[in-house]
Amino acid sequence: MAGSHGKLSETHIVGADTEQTIVRAADCAALAQRQISHVGVGDAAVPYRIVRTQLSGTYVHASLGGEGRILLDGRWRPHRAGMVSLAPAHVLHAFHAIPSKRWQYCWVRYMPTSPRSSINFVAPVMARFEAEALNHAILGLHREVQAGSNTGSATLWIDLIEHYITRFAEPLQREDRLRAVWNAVQADLAQPWTVDSLAARAKISGEHLRRLCQRSLGRSPMQQLTYLRMQHAAHRLATTEEKIEDVAHLVGYQNPFAFSNTFKRMTGFRPSQFRLHRAPRASDA
């Protein structure tokens with residue numbers, strides 16, 4: 001698989017050899033109350049292929065077995081058992097099955113209104129995490145909904161689903177030094193941050209910061225900085241009429257061309273194209 005995404009368009013191909021069990025907010029009031037669009041488990045094979053160019057809410061994807069491929073941060077990555085990825089709102093996100101291999105997984109898709117879809121929600125882009133318990137909680141919820149059980153019973157399973165998502169995101173929340181660094185960055189994205197200045201904020205060495213970020217976020221410090229800048233830029237482009245040059249300056253880019261190239265790598269669109277494709281929705285099917 002190429003290291004970059006090239007040209008991708010909105011795609012949703014499941015195929016006859018892929019099995020999926022899904023619970024949607026439309027069929028479960030308790031999910032809607034928790035601002036979760038849908039949850040599910042799957043067992044996929046070629047030609048299974050999904051490309052989302054307008055991801056409006058955070059998407060958590062956990063591999064249980066086999067292997068697939070996921071596009072995050074503008075590059076393709078292998079996704080195997082014990083790996084969980086989180087794609088935030090407004091990014092280009094894609095995944096597909098691999099020829100001659102099956103891929104078992106589960107997922108949780110949040111609505112744009114969920115706090116987990118907020119630009120202030122910081123979690124690992126990809127990390128090791130055993131998701132069998134999350135898988136069982138999703139299947140438990142599906143059985144409750146299929147049986148027509150009351151909302152209270154469904155809520156118990158959703159509480160478990162949310163518990164495991166929180167546990168996945170927890171390493172950053174436990175690391176006070178990282179949380180303080182990224183809170184400072186989000187408050188002043190225009191500042192010319194460097195690894196040294198970020199490390200000074202955390203009162204640790206640059207090398208120690210790199211290790212902490214890689215372990216907790218699955219990114220280097222500068223990759224995380226770029227991610228936060230592009231996430232905020234996408235939010236501004238989707239919710240305001242500010243000039244693209246002004247948005248670029250707001251997130252630390254003096255060169256609009258460099259900003260446009262980075263934005264396209266992360267979201268799949270040039271900033272001007274992104275505005276044309278934006279689609280404000282309260283939920284996502």
# chains A, B, ... in the order shown; residues from 1 in each chain; ligands from 1
>>> select_by_dssp(residues="region 29-84 of chain A", states="strand (DSSP E)", output="PyMOL selection string")
chain A and resi 36-44+49-52+59-72+75-80+83-84
>>> write_last_selection(atoms="N, CA and C atoms", output="short mmCIF file (atom, residue, chain, number, x, y, z; two decimals), in the first residue's frame")
data_model
loop_
_atom_site.label_atom_id
_atom_site.label_comp_id
_atom_site.auth_asym_id
_atom_site.auth_seq_id
_atom_site.Cartn_x
_atom_site.Cartn_y
_atom_site.Cartn_z
N ILE A 36 -24.32 8.93 20.43
CA ILE A 36 -23.59 7.93 19.65
C ILE A 36 -24.43 7.61 18.43
N SER A 37 -23.84 7.74 17.26
CA SER A 37 -24.57 7.52 16.02
C SER A 37 -24.84 6.04 15.77
N HIS A 38 -23.81 5.20 15.90
CA HIS A 38 -23.98 3.76 15.76
C HIS A 38 -22.77 3.02 16.30
N VAL A 39 -22.98 1.75 16.63
CA VAL A 39 -21.91 0.86 17.08
C VAL A 39 -22.08 -0.43 16.31
N GLY A 40 -21.02 -1.23 16.24
CA GLY A 40 -21.16 -2.48 15.53
C GLY A 40 -19.93 -3.36 15.62
N VAL A 41 -20.08 -4.58 15.14
CA VAL A 41 -18.97 -5.52 15.02
C VAL A 41 -19.01 -6.07 13.60
N GLY A 42 -17.85 -6.50 13.09
CA GLY A 42 -17.80 -6.99 11.72
C GLY A 42 -16.74 -8.05 11.51
N ASP A 43 -16.92 -8.78 10.43
CA ASP A 43 -15.95 -9.77 9.96
C ASP A 43 -15.88 -9.56 8.45
N ALA A 44 -14.80 -8.91 8.01
CA ALA A 44 -14.76 -8.40 6.63
C ALA A 44 -13.79 -9.17 5.75
N ARG A 49 -14.60 -1.99 1.62
CA ARG A 49 -13.81 -0.75 1.48
C ARG A 49 -14.69 0.45 1.84
N ILE A 50 -14.22 1.26 2.80
CA ILE A 50 -14.94 2.45 3.23
C ILE A 50 -14.00 3.65 3.14
N VAL A 51 -14.49 4.72 2.54
CA VAL A 51 -13.75 5.99 2.50
C VAL A 51 -14.71 7.08 2.95
N ARG A 52 -14.33 7.83 3.98
CA ARG A 52 -15.16 8.93 4.46
C ARG A 52 -14.41 10.24 4.28
N TYR A 59 -14.65 8.64 15.34
CA TYR A 59 -14.88 7.23 15.00
C TYR A 59 -13.77 6.39 15.65
N VAL A 60 -14.17 5.45 16.49
CA VAL A 60 -13.22 4.55 17.16
C VAL A 60 -13.34 3.17 16.52
N HIS A 61 -12.22 2.62 16.08
CA HIS A 61 -12.20 1.35 15.37
C HIS A 61 -11.21 0.41 16.05
N ALA A 62 -11.67 -0.77 16.47
CA ALA A 62 -10.83 -1.71 17.20
C ALA A 62 -10.71 -3.03 16.43
N SER A 63 -9.49 -3.50 16.24
CA SER A 63 -9.27 -4.78 15.56
C SER A 63 -9.26 -5.91 16.57
N LEU A 64 -9.97 -6.98 16.23
CA LEU A 64 -10.08 -8.15 17.11
C LEU A 64 -9.30 -9.34 16.58
N GLY A 65 -9.11 -9.39 15.26
CA GLY A 65 -8.39 -10.51 14.65
C GLY A 65 -8.15 -10.24 13.19
N GLY A 66 -7.27 -11.03 12.57
CA GLY A 66 -6.96 -10.83 11.17
C GLY A 66 -6.20 -9.54 10.96
N GLU A 67 -6.38 -8.94 9.78
CA GLU A 67 -5.68 -7.70 9.46
C GLU A 67 -6.40 -6.92 8.39
N GLY A 68 -6.42 -5.61 8.55
CA GLY A 68 -6.95 -4.70 7.54
C GLY A 68 -6.00 -3.53 7.39
N ARG A 69 -6.42 -2.51 6.67
CA ARG A 69 -5.65 -1.29 6.48
C ARG A 69 -6.52 -0.09 6.83
N ILE A 70 -5.91 0.89 7.52
CA ILE A 70 -6.63 2.10 7.90
C ILE A 70 -5.81 3.31 7.46
N LEU A 71 -6.51 4.32 6.95
CA LEU A 71 -5.88 5.58 6.58
C LEU A 71 -6.15 6.61 7.67
N LEU A 72 -5.07 7.06 8.32
CA LEU A 72 -5.16 8.08 9.36
C LEU A 72 -3.96 9.01 9.24
N ARG A 75 -1.85 8.84 6.02
CA ARG A 75 -1.07 7.68 5.57
C ARG A 75 -1.76 6.38 5.97
N TRP A 76 -1.48 5.34 5.18
CA TRP A 76 -2.06 4.03 5.43
C TRP A 76 -1.26 3.29 6.49
N ARG A 77 -1.99 2.58 7.35
CA ARG A 77 -1.35 1.82 8.42
C ARG A 77 -1.99 0.43 8.49
N PRO A 78 -1.20 -0.59 8.83
CA PRO A 78 -1.80 -1.92 9.08
C PRO A 78 -2.61 -1.86 10.37
N HIS A 79 -3.69 -2.63 10.43
CA HIS A 79 -4.53 -2.67 11.63
C HIS A 79 -4.77 -4.12 11.98
N ARG A 80 -4.15 -4.55 13.10
CA ARG A 80 -4.20 -5.96 13.49
C ARG A 80 -4.82 -6.11 14.87
N MET A 83 -5.16 -3.62 18.25
CA MET A 83 -4.92 -2.23 17.89
C MET A 83 -6.25 -1.49 17.83
N VAL A 84 -6.26 -0.27 18.35
CA VAL A 84 -7.45 0.58 18.30
C VAL A 84 -7.03 1.93 17.73
#
>>> residues_around(residues="region 90-98 of chain A", least_positions_apart="4", cutoff="9 Å", atoms="only C-alpha atoms", output="PyMOL selection string")
chain A and resi 8+11+44-58+67-74+76+102-103+230-231+234-235+238+264-269+278
>>> residues_around(residues="Gln223 (chain A)", least_positions_apart="6", cutoff="10 Å", atoms="only C-alpha atoms", output="tab-separated table (two decimals) with N, CA and C atoms, in the first residue's frame")
chain	number	residue	atom	x	y	z
A	73	ASP	N	-4.15	10.28	9.56
A	73	ASP	CA	-3.06	11.25	9.49
A	73	ASP	C	-2.45	11.30	8.10
A	213	CYS	N	4.86	11.04	24.06
A	213	CYS	CA	3.85	11.25	23.00
A	213	CYS	C	3.64	10.00	22.18
A	214	GLN	N	4.72	9.33	21.84
A	214	GLN	CA	4.59	8.12	21.03
A	214	GLN	C	3.82	7.05	21.79
A	217	LEU	N	0.02	8.77	22.51
A	217	LEU	CA	-0.79	9.26	21.40
A	217	LEU	C	-0.56	8.53	20.09
A	229	ARG	N	-3.49	21.60	14.89
A	229	ARG	CA	-3.66	22.76	14.03
A	229	ARG	C	-4.67	22.49	12.91
>>> residues_around(residues="Asp27 (chain A)", least_positions_apart="2", cutoff="12 Å", atoms="only C-alpha atoms", output="CSV table (one decimal) with N, CA and C atoms, in the first residue's frame")
chain,number,residue,atom,x,y,z
A,22,ILE,N,-25.0,-4.2,13.5
A,22,ILE,CA,-25.0,-2.8,13.8
A,22,ILE,C,-26.2,-2.4,14.6
A,23,VAL,N,-25.9,-1.5,15.6
A,23,VAL,CA,-27.0,-0.9,16.3
A,23,VAL,C,-26.9,0.6,16.1
A,24,ARG,N,-28.0,1.2,15.6
A,24,ARG,CA,-28.0,2.6,15.2
A,24,ARG,C,-28.9,3.4,16.2
A,25,ALA,N,-28.6,4.7,16.3
A,25,ALA,CA,-29.3,5.6,17.2
A,25,ALA,C,-30.8,5.6,16.9
A,29,ALA,N,-33.0,4.5,21.5
A,29,ALA,CA,-33.0,5.8,22.1
A,29,ALA,C,-31.9,6.1,23.0
A,30,ALA,N,-31.4,5.1,23.7
A,30,ALA,CA,-30.3,5.2,24.7
A,30,ALA,C,-29.1,5.6,24.0
A,31,LEU,N,-28.8,5.1,22.8
A,31,LEU,CA,-27.6,5.6,22.0
A,31,LEU,C,-27.8,7.0,21.6
A,32,ALA,N,-28.9,7.4,21.1
A,32,ALA,CA,-29.1,8.8,20.8
A,32,ALA,C,-28.9,9.7,21.9
A,33,GLN,N,-29.4,9.3,23.1
A,33,GLN,CA,-29.2,10.2,24.3
A,33,GLN,C,-27.8,10.4,24.7
A,36,ILE,N,-24.3,8.9,20.4
A,36,ILE,CA,-23.6,7.9,19.6
A,36,ILE,C,-24.4,7.6,18.4
A,37,SER,N,-23.8,7.7,17.3
A,37,SER,CA,-24.6,7.5,16.0
A,37,SER,C,-24.8,6.0,15.8
A,38,HIS,N,-23.8,5.2,15.9
A,38,HIS,CA,-24.0,3.8,15.8
A,38,HIS,C,-22.8,3.0,16.3
A,39,VAL,N,-23.0,1.8,16.6
A,39,VAL,CA,-21.9,0.9,17.1
A,39,VAL,C,-22.1,-0.4,16.3
A,141,LEU,N,-25.5,-5.1,23.7
A,141,LEU,CA,-26.5,-4.1,23.4
A,141,LEU,C,-27.3,-4.5,22.2
A,142,HIS,N,-26.7,-5.1,21.2
A,142,HIS,CA,-27.5,-5.6,20.0
A,142,HIS,C,-28.6,-6.6,20.4
A,144,GLU,N,-30.1,-6.8,23.4
A,144,GLU,CA,-31.1,-6.1,24.1
A,144,GLU,C,-32.1,-5.4,23.1
A,145,VAL,N,-31.5,-4.8,22.1
A,145,VAL,CA,-32.3,-4.0,21.2
A,145,VAL,C,-33.2,-5.0,20.4
A,146,GLN,N,-32.6,-6.1,19.9
A,146,GLN,CA,-33.3,-7.1,19.2
A,146,GLN,C,-34.4,-7.7,20.0
A,148,GLY,N,-36.1,-6.2,22.2
A,148,GLY,CA,-37.1,-5.1,22.5
A,148,GLY,C,-37.1,-4.8,24.0
A,149,SER,N,-35.9,-4.9,24.7
A,149,SER,CA,-35.8,-4.6,26.1
A,149,SER,C,-36.0,-3.1,26.3
A,151,THR,N,-35.2,0.8,27.8
A,151,THR,CA,-34.1,1.7,27.7
A,151,THR,C,-33.1,1.4,28.8
A,154,ALA,N,-30.6,-1.3,27.9
A,154,ALA,CA,-29.7,-0.9,26.9
A,154,ALA,C,-28.7,0.0,27.5
A,285,ALA,N,-25.4,8.5,9.6
A,285,ALA,CA,-25.7,7.1,9.5
A,285,ALA,C,-24.6,6.2,8.9
>>> atom_distance(atom1="CA of Ser216 (chain A)", atom2="CA of Ala258 (chain A)")
27.9 Å
>>> select_by_dssp(residues="region 21-51 of chain A", states="helix (DSSP H, G or I)", output="list in words")
Ala25, Ala26, Asp27, Ala29, Ala30, Leu31, Ala32 and Gln33 of chain A
>>> residues_around(residues="Ile161 (chain A)", least_positions_apart="2", cutoff="9 Å", atoms="only C-alpha atoms", output="VMD selection string")
chain A and resid 108 133 to 135 137 to 138 156 to 159 163 to 166
>>> closest_residue(among="A:Ala233, A:Val195, A:Arg201, A:Glu242", to="Pro221 (chain A)", atoms="only C-alpha atoms")
A:Val195
>>> atom_distance(atom1="CA of Phe263 (chain A)", atom2="CA of Ala248 (chain A)")
9.7 Å
>>> residues_around(residues="Ala187 (chain A)", least_positions_apart="3", cutoff="12 Å", atoms="only C-alpha atoms", output="VMD selection string")
chain A and resid 119 to 120 180 to 184 190 to 191 228 to 229 232 250 to 252
>>> atom_distance(atom1="CA of Ser220 (chain A)", atom2="CA of Phe257 (chain A)")
23.4 Å
>>> closest_residue(among="A:Leu139, A:Ala169, A:Ala26, A:Ala131", to="Arg215 (chain A)", atoms="only C-alpha atoms")
A:Ala169
